[in-house]
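Worksheet for the structure shown next.
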Amino acid sequence: MTLDSQSLTNVTLFIDGEWSEGSTGRTLENRNPANHALIGHVAIADEVDLARAAQAATSAFEIWRRTPALERSEKLRAAAALLRERAEAISRAMTIEQGKPLAESRMEAELAAQIIDWFAEEGRRTYGRIVPSRRPGIQQNVIQVPVGPVASFAPWNFPLTQVARKISAALASGCSVIIKPPEEAPVCTSELARCFIDAGVPRGVVNVVYGVPSEISSYLIPHPAIKKISFTGSVSVGKQLASLAGLHMKRTTMELGGHAPVIVTASADLDAAAKSIVLAKYANCGQVCISPTRMLIDEAVYDAFTAAFLEQVKSIKVGDGLAPNTKMGPLNNERRLAAMRRLVADAHEHGATILAGGEPLDEAGFFFQPTVITDISRKSALLNEEPFGPIAILLPYRNLDEAIAESNRLPFGLAAYAFSDSAKDISRITAGVETGMLGINHTAIAYAETPFGGVKDSGYGSDGGLEALRGYLQPELVTIATH
């Protein structure tokens with residue numbers, strides 16, 4: 001499969017089984033973050049379009065909810081197969097518009113296909129249960145019913161996997177969905193949606209809208225047709241949307257930001273730890289909600305770990321994601337580049353030492369050097385705000401209690417990591433660190449079959465595992481007198 005010039009330059013809405021421009025004809029620009037080149041335009045949905053999408057999702061839900069789970073599963077499996085067939089073209093489109101290296105885009109496309117496959121199978125297993133009755137002649141059955149049409153909002157940092165998670169979980173559960181993919185990656189996300197459509201999902205079950213995020217959320221969340229909200233994004237926006245959903249008693253899944261700590265104890269394999277952490281830290285230019293950000297290192301091995309860490313950082317080749325051997329692409333947009341400049345400048349003002357990087361690259365795009373900072377004040381913005389960029393912070397600690405306290409100091413609790421060969425230390429870290437996900441001696445924690453979500457300000461609910469499906473299903477008690 002190759003994407004034609006029309007697909008690349010003119011991304012439209014998909015509502016009630018039809019691709020169309022927005023009713024007002026307004027569009028947004030889609031630009032390549034590596035060189036600012038104009039890729040094309042994406043249609044903007046207004047209230048007329050959103051009303052059509054809500055009506056389509058409502059009508060289609062009555063059909064899809066009654067579609068046998070096996071048939072729904074077959075449609076999802078077919079969508080995953082189409083994604084694999086089209087993966088190379090979709091991956092290249094993602095690199096062009098999102099910025100990540102092509103190798104990372106290819107891995108994301110495959111993971112998205114695995115996510116669809118997993119939900120296809122697990123959706124066949126949304127079992128209820130029989131509850132023994134206290135009285136003779138009474139049957140008590142708990143069945144799982146889909147909650148209804150869903151409004152889902154996906155981020156630009158992992159456009160394929162996040163859109164795949166939200167569409168697949170909804171469809172596998174029997175729900176219809178209005179998905180708002182990121183305007184920063186409209187080509188690859190529209191083509192992913194096309195895989196579901198071409199797989200034979202009925203008209204209106206999947207609807208795709210782009211536009212001004214605040215306009216779309218403020219219309220869809222209160223809409224009486226929408227029964228659930230799924231959002232992945234920043235803490236600040238997530239709180240606003242959760243508040244709006246709460247006013248209308250809407251079920252929500254909120255996967256928000258983090259500021260992941262990494263505890264490295266004296267017993268850890270320092271070279272292996274440095275390699276694993278650097279790989280995770282600078283993947284997708286650090287624009288990862290579960291990215292390791294605060295490296296807390298036992299002071300006894302701080303110098304040795306720092307040397308190993310810097311050696312790994314020096315090997316990172318920065319460039320256009322389509323260029324051979326590129327290991328880190330550009331930031332996605334001007335907002336992130338400005339944020340990196342601000343965070344580094346603020347850290348410097350608070351006495352931090354910059355061990356590597358710290359500056360934008362002299363390139364046309366939104367490139368920023370892989371950066372390592374130490375000697376940083378707890379008052380600096382970098383130690384209190386999610387950096388969401390290629391900045392790593394190294395901090396020594398004196399004892400494990402101190403490291404655990406620093407891990408829990410912030411209101412975030414999405415992901416955390418630890419590297420240690422001490423069973424006792426691992427036990428203390430597991431019991432002590434407040435987080436939704438914890439990786440011990442590795443950083444690969446996000447798979448289709450595992451829960452994906454956080455605690456505290458990092459949100460609630462899950463976008464992965466059995467827990468994800470539960471968010472789209474409502475238990476219903478059916479009790480029957482048999483005599």
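Every chain in the structure tokens takes a letter, A first, then B, and so on in the order presented; its residues are numbered from 1, and the ligands are numbered from 1 following the presented order.
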What lies within 10 Å of Ala323 in chain A using only C-alpha atoms, ignoring chain neighbours under 6 positions off, as a ChimeraX atom specification? /A:101-102,329
Within 12 Å of Ser243 in chain A, counting only C-alpha atoms, which residues qualify if same-chain residues fewer than 5 places away don't, as a PyMOL selection string? chain A and resi 217-218+221-222+229+236-238+248-252+254
With all heavy atoms retained, export the selected residues as a short mmCIF file (atom, residue, chain, number, x, y, z; two decimals), in the first residue's frame.
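Written file, result_34.cif:
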```
data_model
loop_
_atom_site.label_atom_id
_atom_site.label_comp_id
_atom_site.auth_asym_id
_atom_site.auth_seq_id
_atom_site.Cartn_x
_atom_site.Cartn_y
_atom_site.Cartn_z
N SER A 217 -14.28 18.72 22.72
CA SER A 217 -14.56 18.15 24.05
C SER A 217 -15.73 18.84 24.72
O SER A 217 -16.56 18.18 25.37
CB SER A 217 -13.31 18.23 24.93
OG SER A 217 -12.87 19.56 25.09
N SER A 218 -15.84 20.16 24.59
CA SER A 218 -16.92 20.89 25.26
C SER A 218 -18.28 20.55 24.66
O SER A 218 -19.31 20.72 25.32
CB SER A 218 -16.67 22.40 25.21
OG SER A 218 -16.69 22.87 23.87
N ILE A 221 -18.57 15.91 25.38
CA ILE A 221 -18.65 15.38 26.75
C ILE A 221 -20.04 15.59 27.37
O ILE A 221 -20.60 14.65 27.96
CB ILE A 221 -17.53 15.96 27.63
CG1 ILE A 221 -16.17 15.42 27.15
CG2 ILE A 221 -17.74 15.60 29.10
CD1 ILE A 221 -14.98 16.00 27.87
N PRO A 222 -20.66 16.77 27.24
CA PRO A 222 -22.00 16.91 27.82
C PRO A 222 -23.11 16.29 26.98
O PRO A 222 -24.25 16.17 27.45
CB PRO A 222 -22.20 18.44 27.88
CG PRO A 222 -20.87 19.05 27.59
CD PRO A 222 -20.14 18.06 26.75
N ILE A 229 -16.17 8.71 28.46
CA ILE A 229 -15.09 9.53 27.95
C ILE A 229 -13.77 8.80 28.21
O ILE A 229 -13.52 8.32 29.32
CB ILE A 229 -15.03 10.91 28.64
CG1 ILE A 229 -16.43 11.54 28.73
CG2 ILE A 229 -14.02 11.82 27.97
CD1 ILE A 229 -17.10 11.77 27.42
N SER A 236 -3.27 18.79 33.31
CA SER A 236 -4.11 19.99 33.39
C SER A 236 -5.36 19.85 32.53
O SER A 236 -6.48 20.15 32.99
CB SER A 236 -3.30 21.22 32.96
OG SER A 236 -2.82 21.07 31.64
N VAL A 237 -5.21 19.39 31.31
CA VAL A 237 -6.39 19.21 30.44
C VAL A 237 -7.25 18.07 30.96
O VAL A 237 -8.49 18.16 30.97
CB VAL A 237 -5.95 18.96 28.99
CG1 VAL A 237 -7.16 18.64 28.11
CG2 VAL A 237 -5.22 20.17 28.43
N GLY A 238 -6.63 16.99 31.41
CA GLY A 238 -7.38 15.86 31.94
C GLY A 238 -8.27 16.25 33.10
O GLY A 238 -9.42 15.80 33.21
N HIS A 248 -21.78 15.80 34.32
CA HIS A 248 -22.80 15.09 33.55
C HIS A 248 -22.83 13.60 33.85
O HIS A 248 -23.43 12.83 33.11
CB HIS A 248 -22.56 15.34 32.06
CG HIS A 248 -22.67 16.79 31.68
ND1 HIS A 248 -23.87 17.39 31.36
CD2 HIS A 248 -21.73 17.77 31.59
CE1 HIS A 248 -23.66 18.67 31.08
NE2 HIS A 248 -22.37 18.92 31.22
N MET A 249 -22.16 13.22 34.94
CA MET A 249 -22.16 11.83 35.41
C MET A 249 -21.72 10.86 34.31
O MET A 249 -22.30 9.79 34.11
CB MET A 249 -23.53 11.44 35.95
CG MET A 249 -23.91 12.17 37.23
SD MET A 249 -22.75 11.85 38.59
CE MET A 249 -23.06 10.12 38.88
N LYS A 250 -20.65 11.22 33.60
CA LYS A 250 -20.13 10.37 32.55
C LYS A 250 -18.98 9.52 33.08
O LYS A 250 -18.09 10.02 33.78
CB LYS A 250 -19.63 11.21 31.36
CG LYS A 250 -20.70 12.08 30.72
CD LYS A 250 -21.78 11.27 30.04
CE LYS A 250 -22.87 12.13 29.47
NZ LYS A 250 -22.48 12.84 28.25
N ARG A 251 -18.99 8.27 32.73
CA ARG A 251 -17.89 7.37 33.07
C ARG A 251 -16.63 7.82 32.33
O ARG A 251 -16.71 8.24 31.17
CB ARG A 251 -18.25 5.95 32.66
CG ARG A 251 -17.18 4.93 32.97
CD ARG A 251 -17.57 3.56 32.46
NE ARG A 251 -18.73 3.05 33.19
CZ ARG A 251 -18.89 1.77 33.49
NH1 ARG A 251 -17.98 0.88 33.15
NH2 ARG A 251 -19.96 1.37 34.13
N THR A 252 -15.48 7.75 32.99
CA THR A 252 -14.25 8.25 32.37
C THR A 252 -13.08 7.29 32.59
O THR A 252 -13.01 6.59 33.60
CB THR A 252 -13.84 9.62 32.95
OG1 THR A 252 -13.69 9.52 34.37
CG2 THR A 252 -14.86 10.69 32.63
N MET A 254 -8.99 8.16 32.44
CA MET A 254 -8.06 9.28 32.32
C MET A 254 -6.63 8.76 32.46
O MET A 254 -6.22 8.33 33.54
CB MET A 254 -8.33 10.33 33.40
CG MET A 254 -9.65 11.07 33.20
SD MET A 254 -9.52 12.29 31.91
CE MET A 254 -11.25 12.59 31.52
#
```
Show me, as CSV, the residues of range 161-274 of chain A having an atom within 7 Å of range 88-93 of chain A, each with the closest atom pair and its distance in Å, using only C-alpha atoms.
```
residue,atom,partner,partner_atom,distance
A:Val187,CA,A:Ala93,CA,6.5
A:Cys188,CA,A:Ile90,CA,5.3
A:Glu191,CA,A:Ile90,CA,6.9
```
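By only C-alpha atoms, and with residues fewer than 4 positions from Ser377 in chain A along its chain excluded, the set lying at most 10 Å from it is Ala347, His348, Glu349, His350, Gly351, Ala352, Ala381, Leu382 and Leu383 of chain A.
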Can you tell me, as an MDAnalysis selection string, which residues in range 261-379 of chain A count as strand (DSSP E) by DSSP? chainID A and resid 261:264 292:298 353:356 371:374
Take the residues just selected and output them with N, CA and C atoms as a PDB file, in the first residue's frame.
```
ATOM      1  N   PRO A 261      10.193   8.375  38.255  1.00  0.00           N
ATOM      2  CA  PRO A 261      11.477   8.194  38.926  1.00  0.00           C
ATOM      3  C   PRO A 261      12.108   6.863  38.552  1.00  0.00           C
ATOM      4  N   VAL A 262      13.430   6.811  38.626  1.00  0.00           N
ATOM      5  CA  VAL A 262      14.181   5.569  38.436  1.00  0.00           C
ATOM      6  C   VAL A 262      15.152   5.440  39.600  1.00  0.00           C
ATOM      7  N   ILE A 263      15.011   4.404  40.400  1.00  0.00           N
ATOM      8  CA  ILE A 263      15.918   4.183  41.527  1.00  0.00           C
ATOM      9  C   ILE A 263      16.990   3.182  41.105  1.00  0.00           C
ATOM     10  N   VAL A 264      18.236   3.592  41.191  1.00  0.00           N
ATOM     11  CA  VAL A 264      19.361   2.716  40.859  1.00  0.00           C
ATOM     12  C   VAL A 264      20.131   2.448  42.145  1.00  0.00           C
ATOM     13  N   PRO A 292      11.391   7.619  31.677  1.00  0.00           N
ATOM     14  CA  PRO A 292      12.189   7.855  32.889  1.00  0.00           C
ATOM     15  C   PRO A 292      12.667   9.310  32.897  1.00  0.00           C
ATOM     16  N   THR A 293      12.479  10.011  33.989  1.00  0.00           N
ATOM     17  CA  THR A 293      12.895  11.417  34.013  1.00  0.00           C
ATOM     18  C   THR A 293      13.845  11.728  35.169  1.00  0.00           C
ATOM     19  N   ARG A 294      13.542  11.207  36.365  1.00  0.00           N
ATOM     20  CA  ARG A 294      14.370  11.506  37.551  1.00  0.00           C
ATOM     21  C   ARG A 294      15.163  10.257  37.929  1.00  0.00           C
ATOM     22  N   MET A 295      16.447  10.250  37.593  1.00  0.00           N
ATOM     23  CA  MET A 295      17.297   9.119  37.928  1.00  0.00           C
ATOM     24  C   MET A 295      17.876   9.312  39.324  1.00  0.00           C
ATOM     25  N   LEU A 296      17.470   8.480  40.254  1.00  0.00           N
ATOM     26  CA  LEU A 296      17.897   8.567  41.652  1.00  0.00           C
ATOM     27  C   LEU A 296      18.911   7.459  41.886  1.00  0.00           C
ATOM     28  N   ILE A 297      20.173   7.840  42.082  1.00  0.00           N
ATOM     29  CA  ILE A 297      21.274   6.875  42.088  1.00  0.00           C
ATOM     30  C   ILE A 297      21.952   6.848  43.453  1.00  0.00           C
ATOM     31  N   ASP A 298      22.178   5.656  43.959  1.00  0.00           N
ATOM     32  CA  ASP A 298      22.912   5.503  45.218  1.00  0.00           C
ATOM     33  C   ASP A 298      24.244   6.237  45.095  1.00  0.00           C
ATOM     34  N   THR A 353      23.889  21.823  36.939  1.00  0.00           N
ATOM     35  CA  THR A 353      25.026  21.575  36.056  1.00  0.00           C
ATOM     36  C   THR A 353      24.531  20.804  34.841  1.00  0.00           C
ATOM     37  N   ILE A 354      24.845  21.295  33.658  1.00  0.00           N
ATOM     38  CA  ILE A 354      24.443  20.625  32.431  1.00  0.00           C
ATOM     39  C   ILE A 354      25.600  19.750  31.969  1.00  0.00           C
ATOM     40  N   LEU A 355      25.423  18.450  32.058  1.00  0.00           N
ATOM     41  CA  LEU A 355      26.477  17.506  31.704  1.00  0.00           C
ATOM     42  C   LEU A 355      26.519  17.204  30.217  1.00  0.00           C
ATOM     43  N   ALA A 356      25.401  17.383  29.542  1.00  0.00           N
ATOM     44  CA  ALA A 356      25.349  17.129  28.100  1.00  0.00           C
ATOM     45  C   ALA A 356      24.167  17.890  27.516  1.00  0.00           C
ATOM     46  N   THR A 371      19.847  15.787  26.497  1.00  0.00           N
ATOM     47  CA  THR A 371      20.337  16.620  27.604  1.00  0.00           C
ATOM     48  C   THR A 371      20.385  15.829  28.904  1.00  0.00           C
ATOM     49  N   VAL A 372      21.442  16.068  29.671  1.00  0.00           N
ATOM     50  CA  VAL A 372      21.611  15.453  30.991  1.00  0.00           C
ATOM     51  C   VAL A 372      21.941  16.568  31.977  1.00  0.00           C
ATOM     52  N   ILE A 373      21.206  16.610  33.083  1.00  0.00           N
ATOM     53  CA  ILE A 373      21.350  17.682  34.071  1.00  0.00           C
ATOM     54  C   ILE A 373      21.502  17.080  35.465  1.00  0.00           C
ATOM     55  N   THR A 374      22.354  17.692  36.273  1.00  0.00           N
ATOM     56  CA  THR A 374      22.531  17.263  37.662  1.00  0.00           C
ATOM     57  C   THR A 374      22.648  18.497  38.560  1.00  0.00           C
TER      58      THR A 374
END
```
Work out how far CA of Glu385 in chain A is from CA of Leu410 in chain A, in Å to one decimal. 8.9 Å
Skipping near chain neighbours, those fewer than 5 positions away, what residues fall within 9 Å of Ala266 in chain A using only C-alpha atoms, listed as a list in words?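 Counting only C-alpha atoms, the residues come to Ile297, Asp298, Glu299, Ala300, Val301, Tyr302, Ser420, Asp421 and Ser422 of chain A.
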Output for the residues just chosen: C-alpha atoms as a short mmCIF file (atom, residue, chain, number, x, y, z; two decimals), in the first residue's frame:
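Result went into again19.cif, see below:
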```
data_model
loop_
_atom_site.label_atom_id
_atom_site.label_comp_id
_atom_site.auth_asym_id
_atom_site.auth_seq_id
_atom_site.Cartn_x
_atom_site.Cartn_y
_atom_site.Cartn_z
CA ILE A 297 21.27 6.88 42.09
CA ASP A 298 22.91 5.50 45.22
CA GLU A 299 25.74 7.92 46.00
CA ALA A 300 28.16 5.01 46.27
CA VAL A 301 27.81 4.34 42.53
CA TYR A 302 26.74 7.78 41.35
CA SER A 420 18.77 -3.55 41.69
CA ASP A 421 20.06 -7.06 42.33
CA SER A 422 18.94 -6.92 45.96
#
```
Hey, which bits of range 160-240 of chain A sit within 8 Å of range 40-54 of chain A, and for each residue what's the closest pair of atoms and how far apart in Å (one decimal), counting only C-alpha atoms, rows by chain and increasing number, as JSON lines?
```
{"residue": "A:Ile178", "atom": "CA", "partner": "A:Ala53", "partner_atom": "CA", "distance": 6.9}
{"residue": "A:Glu183", "atom": "CA", "partner": "A:Val42", "partner_atom": "CA", "distance": 7.3}
{"residue": "A:Pro186", "atom": "CA", "partner": "A:Val42", "partner_atom": "CA", "distance": 6.9}
{"residue": "A:Gly204", "atom": "CA", "partner": "A:Ala53", "partner_atom": "CA", "distance": 7.6}
{"residue": "A:Asn207", "atom": "CA", "partner": "A:Ala53", "partner_atom": "CA", "distance": 6.3}
{"residue": "A:Val209", "atom": "CA", "partner": "A:Ala45", "partner_atom": "CA", "distance": 6.1}
{"residue": "A:Tyr210", "atom": "CA", "partner": "A:Ile44", "partner_atom": "CA", "distance": 5.4}
{"residue": "A:Gly211", "atom": "CA", "partner": "A:Ile44", "partner_atom": "CA", "distance": 4.0}
{"residue": "A:Val212", "atom": "CA", "partner": "A:Ile44", "partner_atom": "CA", "distance": 7.1}
{"residue": "A:Glu215", "atom": "CA", "partner": "A:Asp46", "partner_atom": "CA", "distance": 7.6}
{"residue": "A:Ile216", "atom": "CA", "partner": "A:Leu50", "partner_atom": "CA", "distance": 7.5}
{"residue": "A:Tyr219", "atom": "CA", "partner": "A:Glu47", "partner_atom": "CA", "distance": 7.1}
{"residue": "A:Leu220", "atom": "CA", "partner": "A:Leu50", "partner_atom": "CA", "distance": 7.3}
{"residue": "A:His223", "atom": "CA", "partner": "A:Ala54", "partner_atom": "CA", "distance": 8.0}
{"residue": "A:Ala225", "atom": "CA", "partner": "A:Ala54", "partner_atom": "CA", "distance": 6.3}
{"residue": "A:Ile226", "atom": "CA", "partner": "A:Ala54", "partner_atom": "CA", "distance": 7.3}
```
Select, from A:Ala268, A:Val278, A:Ala364, A:Ile39, the residue with the minimum atom-to-atom distance to Ile440 in chain A, counting only C-alpha atoms.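 That would be A:Ala268, the residue with the smallest distance to Ile440 in chain A.
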Might you pull out every residue within 9 Å of Gly257 in chain A, with only C-alpha atoms counted and same-chain residues fewer than 2 positions away left off, and present them as a ChimeraX atom specification? /A:232-236,255,259,288-290,386,388,412-414,454,457-459
Any chance you could export the current selection's N, CA and C atoms as a compact mmCIF listing (two decimals), in the first residue's frame?
```txt
# COMPACT_ATOMS: atom_id res chain seq x y z
N THR A 232 -6.40 10.58 26.87
CA THR A 232 -4.98 10.47 27.18
C THR A 232 -4.34 11.81 26.85
N GLY A 233 -3.66 12.40 27.82
CA GLY A 233 -3.05 13.71 27.60
C GLY A 233 -2.49 14.27 28.89
N SER A 234 -2.39 15.58 28.93
CA SER A 234 -1.76 16.25 30.06
C SER A 234 -2.66 16.24 31.30
N VAL A 235 -2.03 16.40 32.45
CA VAL A 235 -2.77 16.45 33.71
C VAL A 235 -3.74 17.63 33.73
N SER A 236 -3.27 18.79 33.31
CA SER A 236 -4.11 19.99 33.39
C SER A 236 -5.36 19.85 32.53
N GLU A 255 -5.89 8.76 31.35
CA GLU A 255 -4.47 8.38 31.39
C GLU A 255 -3.69 9.65 31.15
N HIS A 259 6.02 11.75 35.79
CA HIS A 259 7.38 12.30 35.98
C HIS A 259 8.17 11.15 36.60
N VAL A 288 7.19 10.97 26.01
CA VAL A 288 6.56 9.71 26.42
C VAL A 288 6.07 9.90 27.86
N CYS A 289 4.81 9.61 28.10
CA CYS A 289 4.26 9.84 29.44
C CYS A 289 4.92 8.96 30.49
N ILE A 290 5.42 7.78 30.09
CA ILE A 290 6.07 6.89 31.05
C ILE A 290 7.60 6.98 30.95
N GLU A 386 6.34 17.81 34.47
CA GLU A 386 6.69 16.76 33.52
C GLU A 386 7.48 17.39 32.37
N PHE A 388 8.58 16.02 29.42
CA PHE A 388 8.06 15.60 28.13
C PHE A 388 8.98 16.01 26.99
N PHE A 412 2.35 13.10 40.76
CA PHE A 412 2.23 12.14 39.67
C PHE A 412 2.43 10.70 40.18
N GLY A 413 1.84 9.75 39.46
CA GLY A 413 2.04 8.35 39.81
C GLY A 413 1.69 7.44 38.66
N LEU A 414 2.28 7.72 37.49
CA LEU A 414 1.98 6.91 36.32
C LEU A 414 2.91 5.71 36.22
N GLY A 454 -2.42 5.16 35.75
CA GLY A 454 -1.71 5.65 36.91
C GLY A 454 -2.58 5.92 38.11
N ASP A 457 -2.46 12.26 40.50
CA ASP A 457 -2.82 13.15 39.40
C ASP A 457 -2.59 12.55 38.03
N SER A 458 -2.02 11.36 37.98
CA SER A 458 -1.79 10.71 36.69
C SER A 458 -3.02 9.99 36.16
N GLY A 459 -4.14 10.11 36.88
CA GLY A 459 -5.40 9.63 36.34
C GLY A 459 -5.93 8.39 37.01
```
Nearest to Ala403 in chain A: which of A:Thr479, A:Thr265, A:Thr189, A:Ser380 is it, counting only C-alpha atoms? A:Thr265
Per-residue nearest contacts of range 153-236 of chain A to range 120-133 of chain A (9 Å; only C-alpha atoms) as a Markdown table:
```
| residue | atom | partner | partner_atom | distance |
| --- | --- | --- | --- | --- |
| A:Ser168 | CA | A:Ala120 | CA | 7.4 |
| A:Ala169 | CA | A:Gly123 | CA | 8.0 |
| A:Leu171 | CA | A:Gly123 | CA | 8.4 |
| A:Ala172 | CA | A:Gly123 | CA | 4.6 |
| A:Ser173 | CA | A:Gly123 | CA | 5.9 |
| A:Gly174 | CA | A:Gly123 | CA | 8.5 |
```
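For the atom pair formed by CA of Ser73 in chain A and CA of Leu469 in chain A, the distance is 13.6 Å, given to one decimal.
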Which neighbours of Glu359 in chain A fall inside 12 Å, counting only C-alpha atoms, when residues of the same chain fewer than 3 positions from it are skipped, and could you give them as JSON, numbers by chain? {"A": [337, 338, 339, 340, 341, 342, 343, 344, 345, 354, 355, 356, 362, 363, 366, 367, 368, 369, 370, 371, 372, 390, 391]}
Residues flagged helix (DSSP H, G or I) by DSSP in range 80-189 of chain A, as a count of residues only: 61
Contact residues around Thr443 in chain A with only C-alpha atoms at 9 Å, ignoring same-chain residues under 4 positions, as a PyMOL selection string: chain A and resi 276-277+279-280+291-292+416-418+438-439
Quick one: of A:Gln55, A:Ser267, A:Asn284, A:Asn35, who's nearest to Phe419 in chain A, counting only C-alpha atoms?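 Of A:Gln55, A:Ser267, A:Asn284, A:Asn35, the one nearest Phe419 in chain A is A:Ser267, counting only C-alpha atoms.
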